[in-house]
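K.L.:
The structure follows.
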Amino acid sequence: MPDSAPLPPALPEAVSPPASPAAPPFRSRDPLHGVTLETILRRLVDFHGWGGLADRIPVRCFMFDPTVTSSLKFLRKTPWARLKLEALFRDLLDR
């Protein structure tokens, strides 16, 4: 081989940063974190019943022929009702 160029020096192996003490896992202070709207609704229905929910949050989907499906549709489209339901659930958790 005529006049071959020298190879560049080998790169040092990647050095990983020093191990730091494990950080504690993140925990949200929000009691609703990770709880679905369906779970909130079902737990409140189990505790108060549909009539009790209708007394506390007077909406048609709780008063007349209530179902979880129709109530979820309404709550997802109606922020004020969802906020009232979430507040009621927080009260239940505080008991």
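Please note that chains go A, B, ... in the order of the structure tokens, that every chain numbers its residues from 1, and that ligands are numbered from 1 in the order shown.
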Run DSSP on the backbone and grab whatever in stretch 28-74 of chain A lands in helix (DSSP H, G or I); send it over as a ChimeraX atom specification.

P.N.:
/A:37-56,60-63,68-74

K.L.:
Could you turn the residues from that selection into a file that holds N, CA and C atoms, as a short mmCIF file (atom, residue, chain, number, x, y, z; two decimals), in the first residue's frame?

P.N.:
```
data_model
loop_
_atom_site.label_atom_id
_atom_site.label_comp_id
_atom_site.auth_asym_id
_atom_site.auth_seq_id
_atom_site.Cartn_x
_atom_site.Cartn_y
_atom_site.Cartn_z
N LEU A 37 -62.86 10.16 34.72
CA LEU A 37 -64.19 10.71 34.97
C LEU A 37 -65.20 9.60 35.22
N GLU A 38 -65.05 8.51 34.50
CA GLU A 38 -65.97 7.38 34.70
C GLU A 38 -65.84 6.82 36.12
N THR A 39 -64.62 6.69 36.61
CA THR A 39 -64.41 6.19 37.97
C THR A 39 -65.03 7.13 39.00
N ILE A 40 -64.84 8.44 38.79
CA ILE A 40 -65.42 9.43 39.70
C ILE A 40 -66.94 9.28 39.71
N LEU A 41 -67.53 9.22 38.53
CA LEU A 41 -68.99 9.11 38.42
C LEU A 41 -69.49 7.83 39.08
N ARG A 42 -68.88 6.71 38.79
CA ARG A 42 -69.33 5.43 39.35
C ARG A 42 -69.23 5.41 40.88
N ARG A 43 -68.14 5.96 41.41
CA ARG A 43 -67.97 5.98 42.87
C ARG A 43 -69.02 6.87 43.52
N LEU A 44 -69.32 8.00 42.89
CA LEU A 44 -70.34 8.88 43.45
C LEU A 44 -71.73 8.27 43.36
N VAL A 45 -72.01 7.57 42.25
CA VAL A 45 -73.31 6.89 42.13
C VAL A 45 -73.41 5.79 43.17
N ASP A 46 -72.33 5.06 43.40
CA ASP A 46 -72.35 4.02 44.43
C ASP A 46 -72.61 4.61 45.82
N PHE A 47 -72.04 5.78 46.07
CA PHE A 47 -72.16 6.39 47.40
C PHE A 47 -73.49 7.12 47.58
N HIS A 48 -73.86 7.98 46.63
CA HIS A 48 -75.05 8.83 46.75
C HIS A 48 -76.27 8.28 46.03
N GLY A 49 -76.06 7.48 45.00
CA GLY A 49 -77.17 7.06 44.14
C GLY A 49 -77.47 8.16 43.13
N TRP A 50 -78.23 7.80 42.10
CA TRP A 50 -78.56 8.79 41.07
C TRP A 50 -79.40 9.92 41.65
N GLY A 51 -80.32 9.58 42.54
CA GLY A 51 -81.17 10.61 43.15
C GLY A 51 -80.35 11.58 43.99
N GLY A 52 -79.39 11.07 44.72
CA GLY A 52 -78.53 11.92 45.53
C GLY A 52 -77.67 12.84 44.67
N LEU A 53 -77.21 12.31 43.56
CA LEU A 53 -76.44 13.16 42.63
C LEU A 53 -77.34 14.24 42.04
N ALA A 54 -78.56 13.87 41.69
CA ALA A 54 -79.49 14.85 41.11
C ALA A 54 -79.83 15.94 42.13
N ASP A 55 -79.92 15.59 43.42
CA ASP A 55 -80.17 16.60 44.45
C ASP A 55 -79.00 17.57 44.58
N ARG A 56 -77.79 17.07 44.45
CA ARG A 56 -76.59 17.89 44.64
C ARG A 56 -76.19 18.66 43.38
N ARG A 60 -80.33 17.13 34.05
CA ARG A 60 -81.28 16.14 33.53
C ARG A 60 -80.69 14.73 33.42
N CYS A 61 -79.39 14.65 33.10
CA CYS A 61 -78.81 13.31 32.91
C CYS A 61 -78.73 12.54 34.23
N PHE A 62 -78.86 13.22 35.38
CA PHE A 62 -78.92 12.53 36.67
C PHE A 62 -80.36 12.32 37.13
N MET A 63 -81.28 13.13 36.60
CA MET A 63 -82.67 13.09 37.06
C MET A 63 -83.55 12.10 36.30
N VAL A 68 -74.64 5.82 33.00
CA VAL A 68 -73.25 6.27 33.06
C VAL A 68 -72.86 6.85 31.70
N THR A 69 -73.23 6.19 30.62
CA THR A 69 -72.84 6.64 29.28
C THR A 69 -73.37 8.04 28.97
N SER A 70 -74.67 8.25 29.19
CA SER A 70 -75.23 9.58 28.88
C SER A 70 -74.66 10.65 29.80
N SER A 71 -74.42 10.30 31.04
CA SER A 71 -73.86 11.27 31.98
C SER A 71 -72.43 11.65 31.60
N LEU A 72 -71.64 10.66 31.18
CA LEU A 72 -70.26 10.96 30.76
C LEU A 72 -70.24 11.88 29.55
N LYS A 73 -71.13 11.63 28.60
CA LYS A 73 -71.20 12.50 27.42
C LYS A 73 -71.51 13.94 27.83
N PHE A 74 -72.49 14.09 28.72
CA PHE A 74 -72.86 15.42 29.18
C PHE A 74 -71.71 16.08 29.95
#
```

K.L.:
Tell me which protein, DNA and RNA residues are within 12 Å of stretch 26-36 of chain A, counting only C-alpha atoms, leaving out same-chain ones fewer than 3 positions away, and put them as a CSV table (one decimal) with C-alpha atoms, in the first residue's frame.

P.N.:
```
chain,number,residue,atom,x,y,z
A,22,ALA,CA,-32.4,8.0,43.2
A,23,ALA,CA,-34.9,10.8,43.2
A,39,THR,CA,-64.4,6.2,38.0
A,40,ILE,CA,-65.4,9.4,39.7
A,41,LEU,CA,-69.0,9.1,38.4
A,42,ARG,CA,-69.3,5.4,39.4
A,43,ARG,CA,-68.0,6.0,42.9
A,72,LEU,CA,-70.3,11.0,30.8
A,76,ARG,CA,-67.4,15.9,29.0
A,82,ARG,CA,-67.8,18.4,35.6
A,83,LEU,CA,-66.3,20.8,38.1
A,85,LEU,CA,-68.9,16.5,40.1
A,86,GLU,CA,-65.1,16.7,40.8
A,87,ALA,CA,-65.7,18.9,43.9
A,88,LEU,CA,-68.3,16.4,45.2
A,89,PHE,CA,-65.8,13.6,44.7
A,90,ARG,CA,-63.1,15.6,46.6
A,91,ASP,CA,-65.5,16.0,49.4
A,92,LEU,CA,-66.1,12.3,49.4
A,93,LEU,CA,-62.4,11.6,49.6
A,94,ASP,CA,-62.0,14.0,52.5
```
